[in-house]
file final.cif (mmCIF, C-alpha atoms)
data_my_file
#
loop_
_atom_site.label_atom_id
_atom_site.label_comp_id
_atom_site.auth_asym_id
_atom_site.auth_seq_id
_atom_site.Cartn_x
_atom_site.Cartn_y
_atom_site.Cartn_z
CA MET A 775 0.00 0.00 0.00
CA ILE A 776 1.41 3.40 -0.98
CA PRO A 777 0.81 5.94 1.81
CA SER A 778 -1.20 9.02 1.04
CA PRO A 779 0.71 12.33 0.66
CA ALA A 780 -0.82 13.50 3.93
CA ARG A 781 0.40 10.42 5.73
CA ARG A 782 3.88 10.64 4.18
CA SER A 783 4.23 14.21 5.31
CA ARG A 784 2.94 13.34 8.77
CA VAL A 785 5.53 10.57 9.18
CA ALA A 786 8.28 12.65 7.63
CA GLY A 787 7.45 15.50 9.98
CA LEU A 788 8.42 13.34 12.95
CA ALA A 789 12.02 13.05 11.81
CA PRO A 790 14.53 15.69 12.90
CA SER A 791 17.56 16.01 10.68
CA ARG A 792 20.51 13.72 11.37
CA GLU A 793 22.71 16.78 11.80
CA ARG A 794 20.43 18.17 14.53
CA GLN A 795 20.28 14.79 16.29
CA ARG A 796 24.04 14.46 16.34
CA ARG A 797 24.50 17.94 17.78
CA HIS A 798 22.47 16.89 20.82
CA HIS A 799 23.47 13.19 20.92
CA PRO A 800 26.66 12.64 18.89
CA ASP A 801 26.50 8.82 19.36
CA PHE A 802 22.82 8.48 18.57
CA SER A 803 20.76 8.72 15.42
CA LYS A 804 17.19 7.64 15.97
CA MET A 805 16.78 6.78 12.32
CA ASP A 806 19.36 4.02 12.85
CA THR A 807 17.33 2.42 15.67
CA GLN A 808 14.92 -0.46 15.35
CA GLY A 809 12.33 1.74 17.02
CA TRP A 810 12.44 4.32 14.24
CA LYS A 811 12.59 1.71 11.47
CA ALA A 812 9.47 0.07 12.92
CA LEU A 813 7.70 3.44 13.00
CA ASP A 814 8.57 3.96 9.36
CA LYS A 815 7.67 0.43 8.22
CA GLU A 816 4.12 0.52 9.58
CA GLN A 817 2.99 3.03 6.97
CA TYR A 818 3.53 0.46 4.21
CA LEU A 819 1.32 -2.23 5.77
CA PRO A 820 -2.08 -2.61 4.10
CA GLU A 821 -5.34 -2.11 6.00
CA THR A 822 -7.53 -4.08 3.58
CA GLN A 823 -8.50 -6.93 5.88
CA TRP A 824 -9.07 -4.62 8.84
CA ARG A 825 -11.51 -2.53 6.78
CA LYS A 826 -13.15 -5.73 5.53
CA GLU A 827 -13.57 -6.94 9.12
CA GLN A 828 -15.12 -3.62 10.16
CA GLN A 829 -17.67 -3.87 7.37
CA TRP A 830 -18.40 -7.50 8.25
CA ALA A 831 -18.97 -6.47 11.87
CA LEU A 832 -21.53 -3.88 10.76
CA ASP A 833 -23.26 -6.35 8.46
CA MET A 834 -23.40 -9.07 11.14
CA GLY A 835 -23.91 -6.91 14.23
CA LEU A 836 -26.13 -4.02 13.05
CA PRO A 837 -24.96 -0.41 12.71
CA GLY A 838 -24.36 1.34 16.02
CA ALA A 839 -26.74 3.70 17.81
CA ASP A 840 -27.32 7.14 16.33
CA SER A 841 -25.32 8.77 19.14
CA ILE A 842 -22.17 6.84 18.12
CA THR A 843 -20.05 9.11 15.94
CA ASP A 844 -17.62 6.35 14.89
CA LYS A 845 -19.76 4.65 12.26
CA SER A 846 -17.50 1.58 12.16
CA ILE A 847 -18.86 0.51 15.58
CA PRO A 848 -21.72 -2.03 15.39
CA THR A 849 -24.47 -2.61 17.95
CA PHE A 850 -23.34 -6.17 18.76
CA ALA A 851 -19.62 -6.86 19.26
CA ARG A 852 -18.08 -8.67 16.32
CA GLY A 853 -14.42 -9.12 15.39
CA GLU A 854 -11.41 -7.84 17.31
CA LEU A 855 -12.97 -4.94 19.18
CA PRO A 856 -13.67 -4.37 21.96
CA HIS A 857 -11.03 -6.67 23.39
CA PHE A 858 -13.12 -7.42 26.49
CA ALA A 859 -16.22 -8.55 24.57
CA GLY A 860 -17.18 -11.26 22.13
CA ILE A 861 -16.82 -15.04 21.92
CA ASN A 862 -13.16 -15.87 22.30
CA THR A 863 -11.58 -17.93 19.61
CA PHE A 864 -7.80 -17.65 19.45
CA MET A 865 -7.05 -14.00 18.58
CA LYS A 866 -10.75 -13.81 17.63
CA ALA A 867 -9.92 -15.67 14.43
CA PRO A 868 -12.85 -17.15 12.48
CA TYR A 869 -14.30 -20.28 14.09
CA VAL A 870 -14.43 -23.10 11.55
CA GLU A 871 -17.56 -25.02 12.45
CA ASN A 872 -16.97 -27.56 9.70
CA VAL A 873 -13.38 -28.76 10.17
CA ARG A 874 -13.29 -29.85 6.54
CA ASP A 875 -12.86 -26.15 5.73
CA VAL A 876 -9.51 -25.70 7.55
CA GLY A 877 -7.62 -26.08 4.29
CA LYS A 878 -8.90 -22.66 3.24
CA TYR A 879 -6.57 -21.08 5.82
CA ASP A 880 -2.80 -20.76 6.17
CA ALA A 881 -2.87 -21.96 9.79
CA ALA A 882 -5.43 -23.58 12.07
CA VAL A 883 -5.47 -23.53 15.87
CA LEU A 884 -6.58 -26.72 17.65
CA GLY A 885 -7.26 -26.83 21.35
CA ILE A 886 -6.25 -30.07 23.08
CA PRO A 887 -7.90 -29.96 26.52
CA PHE A 888 -6.16 -32.94 28.07
CA ASP A 889 -4.29 -33.42 31.34
CA SER A 890 -4.59 -37.15 32.03
CA GLY A 891 -0.87 -37.41 31.34
CA THR A 892 -0.08 -35.15 34.28
CA THR A 893 1.82 -36.69 37.20
CA TYR A 894 1.44 -33.91 39.80
CA ARG A 895 -0.69 -30.77 39.29
CA PRO A 896 -3.68 -31.19 36.94
CA GLY A 897 -5.42 -28.27 35.25
CA THR A 898 -3.91 -28.04 31.78
CA ARG A 899 -7.18 -29.34 30.31
CA PHE A 900 -8.26 -25.71 30.77
CA GLY A 901 -5.21 -24.43 28.90
CA PRO A 902 -6.98 -23.89 25.56
CA GLN A 903 -9.75 -21.91 27.26
CA GLY A 904 -7.26 -19.79 29.17
CA VAL A 905 -5.08 -19.01 26.17
CA ARG A 906 -8.03 -18.19 23.94
CA ARG A 907 -9.55 -15.89 26.55
CA ILE A 908 -6.45 -13.78 27.15
CA SER A 909 -5.52 -13.82 23.44
CA ALA A 910 -8.32 -11.26 23.01
CA LEU A 911 -5.92 -8.75 24.58
CA TYR A 912 -3.61 -8.98 21.58
CA THR A 913 -3.75 -7.29 18.20
CA PRO A 914 -2.47 -8.96 15.02
CA TYR A 915 0.17 -6.23 14.51
CA ASN A 916 3.73 -6.55 15.82
CA TYR A 917 5.68 -3.34 16.17
CA GLU A 918 9.28 -4.60 15.96
CA MET A 919 8.67 -7.01 13.08
CA GLY A 920 6.50 -4.53 11.22
CA ILE A 921 3.99 -7.22 10.30
CA ASP A 922 0.22 -7.59 10.60
CA LEU A 923 -1.05 -11.17 10.75
CA ARG A 924 -4.57 -10.12 9.75
CA GLU A 925 -3.25 -8.53 6.58
CA GLN A 926 -0.55 -11.02 5.68
CA MET A 927 -1.96 -14.47 6.46
CA THR A 928 -5.21 -16.30 7.18
CA LEU A 929 -5.83 -17.96 10.54
CA CYS A 930 -8.77 -19.96 11.83
CA ASP A 931 -9.75 -21.68 15.06
CA ALA A 932 -10.91 -25.26 14.56
CA GLY A 933 -12.06 -25.67 18.15
CA ASP A 934 -11.02 -28.50 20.47
CA VAL A 935 -10.17 -32.13 19.87
CA PHE A 936 -12.65 -34.37 21.73
CA THR A 937 -10.31 -36.04 24.24
CA ILE A 938 -11.39 -38.84 26.57
CA PRO A 939 -10.79 -38.09 30.27
CA ALA A 940 -8.72 -40.73 32.06
CA ASN A 941 -7.94 -42.63 28.84
CA LEU A 942 -4.53 -41.74 27.49
CA GLU A 943 -4.44 -44.02 24.48
CA LYS A 944 -7.90 -43.22 23.12
CA SER A 945 -7.14 -39.51 23.57
CA PHE A 946 -3.82 -39.92 21.77
CA ASP A 947 -5.64 -41.54 18.86
CA GLN A 948 -8.14 -38.67 18.75
CA ILE A 949 -5.32 -36.09 18.84
CA THR A 950 -3.36 -37.81 16.07
CA ARG A 951 -6.48 -37.99 13.91
CA GLY A 952 -7.21 -34.28 14.40
CA VAL A 953 -3.65 -33.13 13.73
CA SER A 954 -3.26 -35.35 10.69
CA HIS A 955 -6.51 -33.96 9.26
CA VAL A 956 -5.28 -30.38 9.60
CA ALA A 957 -1.80 -31.17 8.29
CA SER A 958 -3.26 -33.03 5.31
CA SER A 959 -5.43 -30.03 4.45
CA GLY A 960 -2.34 -27.86 3.96
CA ALA A 961 -3.05 -25.60 6.94
CA LEU A 962 -0.26 -25.33 9.52
CA PRO A 963 -1.40 -27.16 12.69
CA VAL A 964 -1.02 -25.04 15.84
CA MET A 965 -1.88 -26.95 19.01
CA ILE A 966 -2.76 -25.46 22.39
CA GLY A 967 -2.41 -28.02 25.19
CA GLY A 968 -2.90 -29.72 27.41
CA ASP A 969 -0.06 -31.46 29.17
CA HIS A 970 3.12 -32.45 27.37
CA SER A 971 2.03 -36.02 26.73
CA ILE A 972 0.27 -34.59 23.64
CA GLY A 973 3.67 -34.06 22.00
CA PHE A 974 3.79 -37.67 20.85
CA PRO A 975 0.34 -37.89 19.21
CA CYS A 976 0.77 -34.43 17.66
CA VAL A 977 4.06 -35.36 16.00
CA ARG A 978 2.59 -38.73 15.02
CA GLY A 979 -0.30 -36.91 13.32
CA ILE A 980 2.08 -35.01 11.04
CA ALA A 981 4.52 -37.90 10.56
CA GLU A 982 1.83 -40.21 9.22
CA CYS A 983 1.01 -37.69 6.46
CA THR A 984 4.50 -37.70 5.02
CA SER A 985 7.32 -39.98 3.93
CA LYS A 986 9.77 -37.16 4.71
CA LYS A 987 11.94 -36.86 7.81
CA ILE A 988 11.05 -34.54 10.70
CA GLY A 989 13.29 -32.90 13.30
CA ILE A 990 12.07 -31.51 16.64
CA ILE A 991 13.14 -28.41 18.59
CA HIS A 992 11.89 -28.68 22.16
CA PHE A 993 11.86 -25.84 24.73
CA ASP A 994 11.60 -27.22 28.28
CA ARG A 995 13.19 -27.60 31.69
CA HIS A 996 12.46 -31.34 31.63
CA ILE A 997 13.93 -33.94 29.30
CA ASP A 998 10.63 -35.84 28.71
CA ILE A 999 12.16 -38.86 26.99
CA GLN A 1000 11.75 -41.74 29.41
CA GLU A 1001 9.76 -44.74 28.17
CA LYS A 1002 6.99 -44.73 30.79
CA ASP A 1003 6.06 -42.95 33.99
CA LEU A 1004 3.78 -44.63 36.55
CA ASP A 1005 3.45 -47.41 33.95
CA GLU A 1006 1.86 -45.10 31.34
CA ARG A 1007 2.89 -42.79 28.47
CA MET A 1008 2.68 -39.59 30.52
CA HIS A 1009 3.83 -35.99 30.05
CA THR A 1010 7.38 -37.08 30.87
CA THR A 1011 7.55 -39.50 27.91
CA PRO A 1012 6.55 -37.86 24.58
CA TRP A 1013 9.97 -37.84 22.90
CA PHE A 1014 10.69 -41.51 23.63
CA TRP A 1015 7.67 -42.42 21.55
CA ALA A 1016 7.92 -39.64 18.96
CA THR A 1017 11.52 -40.58 18.15
CA ASN A 1018 10.42 -44.21 17.74
CA LEU A 1019 8.46 -43.15 14.66
CA PRO A 1020 10.25 -44.28 11.48
CA ASN A 1021 10.71 -40.76 10.09
CA VAL A 1022 11.60 -38.97 13.37
CA SER A 1023 15.18 -39.57 14.53
CA PRO A 1024 16.35 -38.86 18.09
CA LYS A 1025 19.53 -37.39 16.61
CA ASN A 1026 17.36 -34.58 15.22
CA LEU A 1027 15.76 -33.88 18.61
CA VAL A 1028 17.16 -30.63 20.05
CA GLN A 1029 16.18 -29.79 23.63
CA LEU A 1030 16.73 -26.25 24.92
CA GLY A 1031 16.75 -25.16 28.57
CA ILE A 1032 16.86 -28.58 30.23
CA GLY A 1033 18.09 -28.58 33.82
CA GLY A 1034 17.40 -28.13 37.50
CA TRP A 1035 16.15 -30.57 40.11
CA GLN A 1036 13.23 -32.10 38.23
CA VAL A 1037 14.90 -34.11 35.45
CA PRO A 1038 14.26 -37.84 36.05
CA ARG A 1039 17.35 -40.01 35.62
CA TYR A 1040 15.34 -42.49 33.53
CA GLY A 1041 14.99 -39.79 30.88
CA VAL A 1042 18.63 -38.75 31.14
CA ALA A 1043 19.76 -42.32 30.54
CA GLU A 1044 17.44 -42.62 27.54
CA GLY A 1045 18.65 -39.32 26.07
CA ARG A 1046 22.23 -40.53 26.38
CA ARG A 1047 21.38 -43.87 24.79
CA ARG A 1048 19.59 -42.21 21.87
CA GLU A 1049 22.24 -39.50 21.41
CA THR A 1050 19.80 -36.60 21.55
CA ASN A 1051 20.97 -32.98 21.73
CA VAL A 1052 20.58 -31.08 25.00
CA LEU A 1053 21.55 -27.47 25.77
CA THR A 1054 21.17 -26.20 29.31
CA ILE A 1055 20.54 -22.59 30.27
CA GLU A 1056 24.26 -22.29 31.08
CA ASP A 1057 25.12 -23.59 27.61
CA ILE A 1058 22.77 -21.05 26.07
CA GLU A 1059 24.26 -18.22 28.12
CA LYS A 1060 27.73 -19.28 26.95
CA PHE A 1061 26.83 -19.53 23.26
CA GLY A 1062 24.44 -16.57 23.15
CA LEU A 1063 20.93 -16.54 21.76
CA GLU A 1064 21.78 -16.26 18.05
CA LYS A 1065 24.40 -19.00 18.19
CA THR A 1066 22.05 -21.24 20.17
CA ALA A 1067 19.40 -20.87 17.47
CA GLU A 1068 21.99 -21.61 14.80
CA ILE A 1069 23.07 -24.79 16.60
CA ALA A 1070 19.46 -25.89 17.11
CA LEU A 1071 18.62 -25.36 13.45
CA ASP A 1072 21.73 -27.17 12.23
CA LEU A 1073 21.02 -30.22 14.39
CA ALA A 1074 17.25 -30.38 13.84
CA TRP A 1075 17.49 -29.87 10.06
CA GLU A 1076 20.47 -32.19 9.45
CA GLY A 1077 19.16 -34.80 7.00
CA THR A 1078 15.52 -33.83 7.60
CA ASP A 1079 12.86 -32.16 5.47
CA ALA A 1080 10.87 -30.27 8.14
CA VAL A 1081 11.04 -29.22 11.78
CA TYR A 1082 8.37 -29.37 14.49
CA ILE A 1083 8.45 -26.98 17.47
CA SER A 1084 7.31 -27.99 20.96
CA PHE A 1085 7.18 -25.18 23.51
CA ASP A 1086 6.59 -26.05 27.16
CA VAL A 1087 5.88 -22.88 29.13
CA ASP A 1088 7.74 -24.29 32.11
CA SER A 1089 10.95 -23.70 30.13
CA ILE A 1090 10.54 -20.14 31.40
CA ASP A 1091 11.64 -19.27 34.94
CA CYS A 1092 8.62 -20.01 37.12
CA GLY A 1093 8.57 -16.47 38.46
CA PHE A 1094 7.15 -15.48 35.06
CA VAL A 1095 4.86 -18.49 34.48
CA PRO A 1096 3.25 -19.61 37.76
CA GLY A 1097 0.34 -21.29 35.95
CA THR A 1098 1.97 -24.54 34.95
CA GLY A 1099 1.98 -28.10 36.17
CA TRP A 1100 5.63 -28.47 37.11
CA PRO A 1101 7.21 -25.03 37.72
CA GLU A 1102 10.98 -24.82 37.99
CA PRO A 1103 13.24 -21.84 38.84
CA GLY A 1104 16.24 -20.98 36.72
CA GLY A 1105 14.77 -21.26 33.24
CA PHE A 1106 14.70 -18.81 30.37
CA LEU A 1107 13.81 -15.18 30.75
CA PRO A 1108 10.78 -14.59 28.50
CA ARG A 1109 12.64 -12.35 26.06
CA GLU A 1110 15.45 -14.92 25.70
CA ALA A 1111 13.06 -17.72 24.75
CA LEU A 1112 11.07 -15.48 22.42
CA LYS A 1113 14.25 -14.42 20.62
CA ILE A 1114 15.39 -18.01 20.06
CA LEU A 1115 11.88 -19.07 19.09
CA GLY A 1116 11.64 -16.40 16.41
CA LEU A 1117 15.00 -17.45 14.98
CA VAL A 1118 14.26 -21.18 14.84
CA CYS A 1119 10.84 -20.59 13.26
CA ALA A 1120 12.21 -18.31 10.55
CA PRO A 1121 13.04 -21.12 8.05
CA GLY A 1122 9.48 -22.47 8.39
CA ILE A 1123 8.03 -25.29 10.51
CA CYS A 1124 5.59 -28.16 9.97
CA GLY A 1125 3.73 -27.86 13.26
CA PHE A 1126 3.75 -26.01 16.57
CA GLU A 1127 2.53 -26.84 20.05
CA VAL A 1128 2.43 -24.85 23.28
CA VAL A 1129 1.82 -27.00 26.34
CA GLU A 1130 1.47 -27.03 30.12
CA VAL A 1131 -0.54 -23.82 30.56
CA SER A 1132 -2.61 -24.51 33.69
CA PRO A 1133 -5.11 -21.71 34.41
CA PRO A 1134 -6.07 -22.98 37.91
CA TYR A 1135 -2.54 -22.12 39.05
CA ASP A 1136 -2.15 -18.97 36.97
CA THR A 1137 -1.83 -15.45 38.35
CA SER A 1138 -3.47 -12.58 36.44
CA ASP A 1139 -3.47 -14.76 33.29
CA ILE A 1140 0.26 -14.13 32.78
CA THR A 1141 1.09 -17.75 31.88
CA ALA A 1142 -1.78 -17.96 29.40
CA LEU A 1143 -0.67 -14.62 28.00
CA PHE A 1144 2.81 -15.99 27.46
CA GLY A 1145 1.30 -19.02 25.74
CA THR A 1146 -0.47 -16.64 23.37
CA ARG A 1147 2.74 -14.75 22.76
CA VAL A 1148 4.77 -17.79 21.74
CA ILE A 1149 2.14 -18.74 19.14
CA VAL A 1150 2.00 -15.30 17.53
CA GLU A 1151 5.80 -15.06 17.72
CA ALA A 1152 6.12 -18.27 15.71
CA LEU A 1153 3.54 -17.20 13.14
CA GLY A 1154 4.99 -13.71 12.94
CA SER A 1155 8.51 -14.96 12.30
CA MET A 1156 7.33 -17.11 9.39
CA VAL A 1157 5.25 -14.28 7.93
CA ALA A 1158 8.21 -11.90 8.22
CA HIS A 1159 10.50 -14.38 6.43
CA GLY A 1160 7.99 -15.58 3.85
CA THR A 1161 8.14 -19.20 5.02
CA LEU A 1162 4.58 -19.78 6.22
CA GLY A 1163 3.19 -22.62 4.12
CA LYS A 1164 6.58 -24.18 3.42
CA HIS A 1165 5.41 -27.33 5.23
CA LYS A 1166 2.92 -28.15 2.48
CA SER A 1167 5.68 -29.60 0.30
CA ILE A 1168 6.27 -32.53 2.68
CA ILE A 1169 2.62 -33.70 2.83
CA ASP A 1170 2.87 -36.51 0.27
CA LYS A 1171 0.63 -39.02 2.11
CA PRO A 1172 -2.42 -36.95 3.07
CA VAL A 1173 -5.12 -38.72 5.05
CA SER A 1174 -8.85 -38.38 4.57
CA PHE A 1175 -11.68 -39.33 6.89
#

call {"tool": "encode", "arguments": {"input": "final.cif", "output": "structure tokens"}}
result
Amino acid sequence: MIPSPARRSRVAGLAPSRERQRRHHPDFSKMDTQGWKALDKEQYLPETQWRKEQQWALDMGLPGADSITDKSIPTFARGELPHFAGINTFMKAPYVENVRDVGKYDAAVLGIPFDSGTTYRPGTRFGPQGVRRISALYTPYNYEMGIDLREQMTLCDAGDVFTIPANLEKSFDQITRGVSHVASSGALPVMIGGDHSIGFPCVRGIAECTSKKIGIIHFDRHIDIQEKDLDERMHTTPWFWATNLPNVSPKNLVQLGIGGWQVPRYGVAEGRRRETNVLTIEDIEKFGLEKTAEIALDLAWEGTDAVYISFDVDSIDCGFVPGTGWPEPGGFLPREALKILGLVCAPGICGFEVVEVSPPYDTSDITALFGTRVIVEALGSMVAHGTLGKHKSIIDKPVSF
């Protein structure tokens, strides 16, 4: 979109000359900062879909009362605004009542309300509800990236997978079926858990749609690769089973942030046996964020055709994410994890999950808010780098039901 002359002059009028800036701050030129570049970039973003949504809201919700001077406001709340009203899908994206329509969208959100794989604090079955509710606080525009998800991609909410309380295996089969349906449609599957046991059936759902090889980048404080826990495939076991799949190798499993006093030795022994790749917080501090992302990408993509991202919110220091099933001090700072996440998503991914958001333990929705943020960060990185949709090329065995 080419800005109007009035808008160009308005933006240009904000900029003092470089000479004047340097007289006052010889080491600073605001036009060299990310902040200024983001200000400048916004003017080139289109507003087509936002205007379309406003008109849709008027058509669906009736024009507003005569006393309302802003004629874009309807009588009944529809769409993004106001943030505190409406029926909350994720980011107030369109709800796809018929899941056979998900292929019309670039990405589809699936809630997986399941916590029967939890071994201590239940509550993550309410994770999808919590994340959707607080996601209404967000807008689709990101300042630093200079992108607008509403204008540059299509997103839908497919609702929740029908999981079976207290039955892990039947729920896993339901989850795999749902994820494989979305992946086969061409939409990027984005899963909101749920405890981390869903990692296995989610990866299985994508893996069964392709003959290609898949790597995994896993953010967590816990290694989650033991064979069983309490004689079941629990939230401590997803990567044992996922890396048993014929096209998912443990040597392409990269685990970031593992450490502390809650890493079962069974999983450590299995990780050693399978030669997985583990970086602790100390490793990441030593390498730096950019180098860590580079290492993770090299290892996950070596000999593979796609990469899946699993993000456990307990990878973040528990002072920032109290609403999770197994909180652990000493993890990532939020901005560190978000930086790495954006970098590893930039080449494109074949699926994304955020797990272990537990609203009953949350404080002021901050954990659910972080869960929202990691999803939009992943989508935003792919939009910014033009890689959203790259996963479609690996779907050579689509399923149909």

call {"tool": "resolve_selection", "arguments": {"input": "final.cif", "expression": "the PyMOL selection byres ((chain A and resi 998) around 9)", "output": "MDAnalysis selection string"}}
result
chainID A and resid 970:971 994 996:997 999:1001 1008:1014 1037:1038 1041:1042

call {"tool": "residues_around", "arguments": {"input": "final.cif", "residues": "region 1144-1147 of chain A", "least_positions_apart": "2", "cutoff": "10 Å", "atoms": "only C-alpha atoms", "output": "number ranges by chain"}}
result
A: 864-865, 901-902, 904-912, 966-967, 1085-1087, 1090, 1094-1095, 1108, 1112, 1127-1131, 1139-1142, 1149-1153

call {"tool": "resolve_selection", "arguments": {"input": "final.cif", "expression": "the PyMOL selection byres ((chain A and resi 852-860) around 12)", "output": "MDAnalysis selection string"}}
result
chainID A and resid 823:838 846:851 861:869 906:914 924

call {"tool": "atom_distance", "arguments": {"input": "final.cif", "atom1": "CA of Val1052 (chain A)", "atom2": "CA of Gln1029 (chain A)"}}
result
4.8 Å

call {"tool": "residues_near_point", "arguments": {"input": "final.cif", "point": "(21.0, -37.7, 12.2)", "cutoff": "9 Å", "atoms": "all atoms listed in the file", "output": "PDB file with C-alpha atoms, keeping the file's coordinate frame"}}
result
ATOM      1  CA  SER A1023      15.180 -39.570  14.530  1.00  0.00           C
ATOM      2  CA  PRO A1024      16.350 -38.860  18.090  1.00  0.00           C
ATOM      3  CA  LYS A1025      19.530 -37.390  16.610  1.00  0.00           C
ATOM      4  CA  ASN A1026      17.360 -34.580  15.220  1.00  0.00           C
ATOM      5  CA  LEU A1073      21.020 -30.220  14.390  1.00  0.00           C
ATOM      6  CA  ALA A1074      17.250 -30.380  13.840  1.00  0.00           C
ATOM      7  CA  TRP A1075      17.490 -29.870  10.060  1.00  0.00           C
ATOM      8  CA  GLU A1076      20.470 -32.190   9.450  1.00  0.00           C
ATOM      9  CA  GLY A1077      19.160 -34.800   7.000  1.00  0.00           C
ATOM     10  CA  THR A1078      15.520 -33.830   7.600  1.00  0.00           C
TER      11      THR A1078
END
